Each structure stands twice: as structure tokens, then as C-alpha cells.
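Below is coords30.json, which holds JSON, C-alpha atoms.
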```json
[["chain", "number", "residue", "atom", "x", "y", "z"],
["A", 23, "MET", "CA", -22.91, 0.64, -10.06],
["A", 24, "ALA", "CA", -21.71, 4.15, -9.22],
["A", 25, "PRO", "CA", -23.08, 6.99, -11.33],
["A", 26, "ASN", "CA", -20.76, 8.44, -13.93],
["A", 27, "PRO", "CA", -19.82, 11.91, -12.61],
["A", 28, "SER", "CA", -19.04, 13.02, -16.16],
["A", 29, "ALA", "CA", -22.51, 12.08, -17.43],
["A", 30, "SER", "CA", -23.99, 15.03, -19.22],
["A", 31, "ARG", "CA", -27.17, 16.87, -18.46],
["A", 32, "GLU", "CA", -28.56, 15.49, -21.74],
["A", 33, "ASP", "CA", -28.01, 11.93, -20.50],
["A", 34, "HIS", "CA", -29.97, 12.71, -17.33],
["A", 35, "GLU", "CA", -32.74, 14.36, -19.31],
["A", 36, "GLN", "CA", -32.97, 11.29, -21.56],
["A", 37, "HIS", "CA", -33.25, 9.01, -18.51],
["A", 38, "MET", "CA", -35.99, 11.23, -17.07],
["A", 39, "ARG", "CA", -37.90, 11.05, -20.38],
["A", 40, "ILE", "CA", -37.75, 7.24, -20.19],
["A", 41, "VAL", "CA", -38.97, 7.23, -16.58],
["A", 42, "PHE", "CA", -41.80, 9.66, -17.36],
["A", 43, "GLN", "CA", -42.86, 7.55, -20.34],
["A", 44, "ILE", "CA", -43.03, 4.42, -18.18],
["A", 45, "LEU", "CA", -45.01, 6.28, -15.51],
["A", 46, "ARG", "CA", -47.41, 7.55, -18.19],
["A", 47, "GLU", "CA", -47.85, 4.03, -19.64],
["A", 48, "LYS", "CA", -48.58, 2.60, -16.18],
["A", 49, "LYS", "CA", -50.93, 5.51, -15.41],
["A", 50, "LEU", "CA", -48.86, 6.60, -12.43],
["A", 51, "TYR", "CA", -48.70, 10.29, -11.58],
["A", 52, "ALA", "CA", -46.56, 12.58, -9.47],
["A", 53, "LYS", "CA", -47.32, 16.02, -8.13],
["A", 54, "PHE", "CA", -44.93, 18.29, -10.02],
["A", 55, "SER", "CA", -44.66, 20.77, -7.13],
["A", 56, "LYS", "CA", -43.18, 17.98, -4.98],
["A", 57, "CYS", "CA", -40.60, 16.93, -7.58],
["A", 58, "GLU", "CA", -37.01, 18.09, -7.92],
["A", 59, "PHE", "CA", -34.75, 17.37, -10.87],
["A", 60, "LEU", "CA", -31.05, 17.60, -11.75],
["A", 61, "LEU", "CA", -29.94, 18.11, -8.15],
["A", 62, "ASP", "CA", -26.29, 17.94, -7.11],
["A", 63, "SER", "CA", -27.30, 16.35, -3.80],
["A", 64, "VAL", "CA", -30.31, 14.75, -2.09],
["A", 65, "SER", "CA", -31.08, 14.67, 1.65],
["A", 66, "PHE", "CA", -32.67, 11.46, 2.87],
["A", 67, "LEU", "CA", -33.05, 9.90, 6.34],
["A", 68, "GLY", "CA", -30.26, 11.91, 7.96],
["A", 69, "TYR", "CA", -27.83, 11.56, 5.05],
["A", 70, "VAL", "CA", -26.92, 13.66, 2.02],
["A", 71, "MET", "CA", -26.15, 11.77, -1.19],
["A", 72, "TYR", "CA", -23.68, 13.29, -3.65],
["A", 73, "ASN", "CA", -22.02, 11.95, -6.81],
["A", 74, "GLU", "CA", -18.90, 11.26, -4.74],
["A", 75, "GLY", "CA", -20.74, 9.30, -2.03],
["A", 76, "THR", "CA", -22.86, 9.85, 1.05],
["A", 77, "LYS", "CA", -22.29, 12.04, 4.11],
["A", 78, "VAL", "CA", -24.15, 12.59, 7.35],
["A", 79, "ASP", "CA", -26.62, 15.47, 6.98],
["A", 80, "PRO", "CA", -24.94, 18.69, 8.22],
["A", 81, "LYS", "CA", -28.08, 19.44, 10.28],
["A", 82, "ARG", "CA", -27.47, 16.24, 12.25],
["A", 83, "ILE", "CA", -23.79, 17.14, 12.70],
["A", 84, "GLU", "CA", -24.81, 20.54, 14.04],
["A", 85, "ALA", "CA", -27.28, 18.89, 16.44],
["A", 86, "VAL", "CA", -24.56, 16.59, 17.79],
["A", 87, "GLN", "CA", -21.98, 19.39, 18.10],
["A", 88, "SER", "CA", -24.34, 21.61, 20.06],
["A", 89, "TRP", "CA", -25.70, 18.80, 22.28],
["A", 90, "PRO", "CA", -25.17, 19.81, 25.93],
["A", 91, "LYS", "CA", -23.60, 17.48, 28.49],
["A", 92, "PRO", "CA", -26.37, 15.16, 29.79],
["A", 93, "SER", "CA", -27.42, 15.70, 33.39],
["A", 94, "THR", "CA", -29.99, 12.88, 33.71],
["A", 95, "ALA", "CA", -30.41, 9.32, 32.47],
["A", 96, "THR", "CA", -33.25, 10.50, 30.21],
["A", 97, "GLU", "CA", -30.92, 13.03, 28.54],
["A", 98, "ILE", "CA", -28.38, 10.25, 27.98],
["A", 99, "TRP", "CA", -31.08, 8.11, 26.33],
["A", 100, "SER", "CA", -31.98, 11.02, 24.05],
["A", 101, "PHE", "CA", -28.38, 11.50, 22.96],
["A", 102, "LEU", "CA", -27.85, 7.77, 22.47],
["A", 103, "GLY", "CA", -30.99, 7.68, 20.33],
["A", 104, "LEU", "CA", -29.46, 10.18, 17.93],
["A", 105, "ALA", "CA", -25.97, 8.66, 18.11],
["A", 106, "GLY", "CA", -27.24, 5.10, 17.72],
["A", 107, "TYR", "CA", -28.62, 5.90, 14.29],
["A", 108, "TYR", "CA", -25.02, 6.22, 13.05],
["A", 109, "ARG", "CA", -23.47, 3.50, 15.24],
["A", 110, "HIS", "CA", -22.29, 1.43, 12.27],
["A", 111, "PHE", "CA", -19.99, 4.28, 11.24],
["A", 112, "VAL", "CA", -18.34, 4.68, 14.66],
["A", 113, "GLU", "CA", -15.64, 2.16, 15.39],
["A", 114, "GLY", "CA", -15.93, 0.91, 18.98],
["A", 115, "PHE", "CA", -19.36, 2.50, 19.49],
["A", 116, "SER", "CA", -20.35, 0.04, 22.24],
["A", 117, "SER", "CA", -17.14, 0.53, 24.22],
["A", 118, "ILE", "CA", -17.39, 4.33, 23.91],
["A", 119, "THR", "CA", -20.98, 4.29, 25.20],
["A", 120, "SER", "CA", -20.55, 1.62, 27.90],
["A", 121, "LEU", "CA", -20.30, 4.23, 30.69],
["A", 122, "PHE", "CA", -23.54, 5.84, 29.50],
["A", 123, "THR", "CA", -25.30, 2.48, 29.50],
["A", 124, "ARG", "CA", -24.32, 1.94, 33.15],
["A", 125, "LEU", "CA", -25.66, 5.39, 34.09],
["A", 126, "THR", "CA", -29.04, 4.57, 32.52],
["A", 127, "GLN", "CA", -29.55, 1.28, 34.38],
["A", 128, "LYS", "CA", -32.51, 1.16, 36.73],
["A", 129, "GLY", "CA", -31.53, 2.20, 40.24],
["A", 130, "ALA", "CA", -28.03, 3.31, 39.22],
["A", 131, "PRO", "CA", -26.99, 6.67, 40.71],
["A", 132, "PHE", "CA", -26.30, 9.37, 38.17],
["A", 133, "ARG", "CA", -22.67, 10.40, 38.60],
["A", 134, "TRP", "CA", -21.16, 12.13, 35.58],
["A", 135, "SER", "CA", -17.42, 11.54, 35.82],
["A", 136, "TYR", "CA", -14.38, 12.81, 33.96],
["A", 137, "GLU", "CA", -14.37, 9.49, 32.07],
["A", 138, "CYS", "CA", -18.02, 10.05, 31.06],
["A", 139, "ASP", "CA", -17.13, 13.49, 29.76],
["A", 140, "GLU", "CA", -14.19, 12.07, 27.78],
["A", 141, "SER", "CA", -16.43, 9.40, 26.23],
["A", 142, "PHE", "CA", -19.12, 11.98, 25.46],
["A", 143, "GLN", "CA", -16.62, 14.22, 23.65],
["A", 144, "LYS", "CA", -15.05, 11.24, 21.86],
["A", 145, "LEU", "CA", -18.45, 10.10, 20.60],
["A", 146, "LYS", "CA", -19.40, 13.62, 19.49],
["A", 147, "THR", "CA", -16.12, 13.88, 17.56],
["A", 148, "ALA", "CA", -16.61, 10.47, 15.95],
["A", 149, "LEU", "CA", -20.16, 11.37, 14.93],
["A", 150, "THR", "CA", -19.21, 14.73, 13.44],
["A", 151, "THR", "CA", -16.19, 13.58, 11.45],
["A", 152, "THR", "CA", -17.84, 10.78, 9.52],
["A", 153, "PRO", "CA", -15.98, 10.13, 6.27],
["A", 154, "VAL", "CA", -17.70, 10.14, 2.90],
["A", 155, "LEU", "CA", -19.30, 6.77, 2.37],
["A", 156, "ILE", "CA", -18.75, 5.09, -0.97],
["A", 157, "LEU", "CA", -21.41, 3.83, -3.34],
["A", 158, "PRO", "CA", -22.09, 0.07, -3.64],
["A", 159, "SER", "CA", -19.90, -1.68, -6.18],
["A", 160, "GLY", "CA", -22.58, -4.05, -7.48],
["A", 161, "LEU", "CA", -20.44, -7.04, -6.48],
["A", 162, "GLY", "CA", -20.49, -8.92, -3.19],
["A", 163, "SER", "CA", -23.14, -9.51, -0.57],
["A", 164, "TYR", "CA", -25.37, -6.90, 1.09],
["A", 165, "THR", "CA", -26.83, -6.53, 4.57],
["A", 166, "VAL", "CA", -29.49, -3.97, 5.50],
["A", 167, "TYR", "CA", -29.64, -2.72, 9.10],
["A", 168, "CYS", "CA", -32.92, -1.03, 10.03],
["A", 169, "ASP", "CA", -34.02, 1.04, 12.99],
["A", 170, "ALA", "CA", -37.43, 2.55, 13.67],
["A", 171, "SER", "CA", -39.11, 4.73, 16.23],
["A", 172, "ARG", "CA", -42.53, 6.30, 16.50],
["A", 173, "VAL", "CA", -41.50, 9.19, 14.24],
["A", 174, "ASP", "CA", -38.72, 7.92, 11.97],
["A", 175, "ILE", "CA", -37.31, 4.89, 10.23],
["A", 176, "GLY", "CA", -33.84, 4.47, 8.86],
["A", 177, "CYS", "CA", -31.70, 1.84, 7.19],
["A", 178, "VAL", "CA", -28.02, 1.39, 6.50],
["A", 179, "LEU", "CA", -26.78, -0.71, 3.58],
["A", 180, "MET", "CA", -23.59, -2.63, 4.29],
["A", 181, "GLN", "CA", -21.60, -4.43, 1.61],
["A", 182, "ASP", "CA", -19.21, -7.18, 2.69],
["A", 183, "GLY", "CA", -19.24, -5.84, 6.27],
["A", 184, "GLU", "CA", -18.54, -2.22, 5.33],
["A", 185, "ALA", "CA", -20.77, 0.75, 4.58],
["A", 186, "PRO", "CA", -20.61, 1.27, 0.81]]
```
Spit out the file's structure as C-alpha cells when you get a sec.
Amino acid sequence: MAPNPSASREDHEQHMRIVFQILREKKLYAKFSKCEFLLDSVSFLGYVMYNEGTKVDPKRIEAVQSWPKPSTATEIWSFLGLAGYYRHFVEGFSSITSLFTRLTQKGAPFRWSYECDESFQKLKTALTTTPVLILPSGLGSYTVYCDASRVDIGCVLMQDGEAP
């Protein structure tokens, strides 16, 4: 269920008291210097969560916007690694990136064409204009898509085939 944006600070403080009491009863502890309370937003795994919904982290948007045109297959793989994390939010992701996939095939010559440049710009635009994602409704079925690398792990929750 979506949080009530009109919930008062007192309500939040009461909920925190309940959580702290449960932690105390279970003898679980947190390092206070690593805790943050009553935030308007939270950054997590490349996203920023707000009361209104979730958006792509502006740092990731900046990274995509400033990404230079790839000049090698390895540079294409690097860009696709970043872009692939958000693939579920880009309609037609596979068709947009199909030219890049061909350029990264073993033995394929690297020839960056006008069409490659158009696809690159189209993908950058799609990745940097992601709409606000809505919160889950509590009704319907859920699917979790996960992706991991040596340094990061991420998941996307989908509800009834759409990102909540």
C-alpha cells in the first residue's frame, strides 16, 4: 500500500518508536551514525524513492548523458551494462540495441554508422527521461527481475507486467 503523503511527522515518530521497541526486545542493534530518519527521499540501487514514486538516480542520468560515443566493442559493452540495468523501463530496448549487439559479436568489424549513432542517442534519451514509477498497489501478482555483477546487485519489482 502506498504511504499516505499527508501522514504527520508524529505518525512517523510513533512508527519509529514501535520499530525501536521491537529491535530492543529482539536484542538487535543499529549504529546510530549510519542511520537516517524522516527523509524526503532515499537513494537505493540506482533509484531514488520519494512519496510520489521512484525515479532513476540523477547521478545515473548524468552518467548516461555524458557518456561519449563508443569507439570499440568493449566501450559498447560498458554502456550496455549501465543501460541494461534499466532495460525494463525502456520500451523496445532490444530493438534499439540490436545494432550494438551486432558490433560486439566476435570477429565483427567495428563500423559505427549513422544508424548506430541514432540508436545511441535514442537510448540515451529513453534512459534519461524515465517517468516516475508508481508504488505497488498491494493487489495483483508480482515478478522480481534481478541482475548481478562482481560489484553490484539490483532488482526490479514488476506488478502485472508493469513497473509499480
> What is the distance, in Å and to one decimal place, between atom CA of Ser65 of chain A and atom CA of Leu161 of chain A?
Replying inline: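 These two atoms are separated by 25.5 Å.
Each of A:Cys168, A:Val112, A:Ala130, A:Leu125 was compared to Lys146 of chain A using all atoms listed in the file, and A:Val112 turns out to be the nearest.
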> Hey, what's within 12 Å of segment 113-117 of chain A if we count only C-alpha atoms and toss same-chain stuff fewer than 2 positions away? As a ChimeraX atom specification, please?
Replying inline: /A:102,105-111,119-124,138,141-142,144-149,152,184
> Can you tell me how far atom CA of Gly103 of chain A sits from atom CA of Phe66 of chain A, in Å to one decimal?
Replying inline: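 Interatomic distance here is 17.9 Å.
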Ref. answer, residues at most 12 Å from (-31.3, 19.2, -11.4) with only C-alpha atoms, as an mmCIF file with C-alpha atoms, in the coordinates of the input:
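Done, and the output landed in point.cif:
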```cif
data_model
loop_
_atom_site.group_PDB
_atom_site.id
_atom_site.type_symbol
_atom_site.label_atom_id
_atom_site.label_comp_id
_atom_site.auth_asym_id
_atom_site.auth_seq_id
_atom_site.Cartn_x
_atom_site.Cartn_y
_atom_site.Cartn_z
ATOM 1 C CA SER A 30 -23.990 15.030 -19.220
ATOM 2 C CA ARG A 31 -27.170 16.870 -18.460
ATOM 3 C CA GLU A 32 -28.560 15.490 -21.740
ATOM 4 C CA HIS A 34 -29.970 12.710 -17.330
ATOM 5 C CA GLU A 35 -32.740 14.360 -19.310
ATOM 6 C CA MET A 38 -35.990 11.230 -17.070
ATOM 7 C CA CYS A 57 -40.600 16.930 -7.580
ATOM 8 C CA GLU A 58 -37.010 18.090 -7.920
ATOM 9 C CA PHE A 59 -34.750 17.370 -10.870
ATOM 10 C CA LEU A 60 -31.050 17.600 -11.750
ATOM 11 C CA LEU A 61 -29.940 18.110 -8.150
ATOM 12 C CA ASP A 62 -26.290 17.940 -7.110
ATOM 13 C CA SER A 63 -27.300 16.350 -3.800
ATOM 14 C CA VAL A 64 -30.310 14.750 -2.090
#
```
>> Please report the interatomic distance between atom CA of Tyr72 of chain A and atom CA of Arg39 of chain A in Å with one decimal.
In response: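 These atoms are spaced 22.1 Å apart.
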>> Neighbouring residues of segment 82-92 of chain A were defined as those with any atom within 9 Å, considering all atoms listed in the file; residues of the same chain fewer than 4 positions away were excluded. Please report them as a ChimeraX atom specification.
In response: /A:68-69,78,96-98,101,104-105,134,139,142,146-147,149-151
For segment 96-112 of chain A, I'd like the enclosing box, axis-aligned and padded by 5 Å on every side, reported as lines of an AutoDock Vina configuration file with centre and edge lengths in Å to one decimal.
```
center_x = -25.8
center_y = 7.2
center_z = 20.7
size_x = 24.9
size_y = 21.6
size_z = 29.0
```
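With only C-alpha atoms as the basis for measurement, A:Leu67 is the residue among A:Glu74, A:Glu47, A:Thr126, A:Leu67 that approaches Cys177 of chain A most closely.
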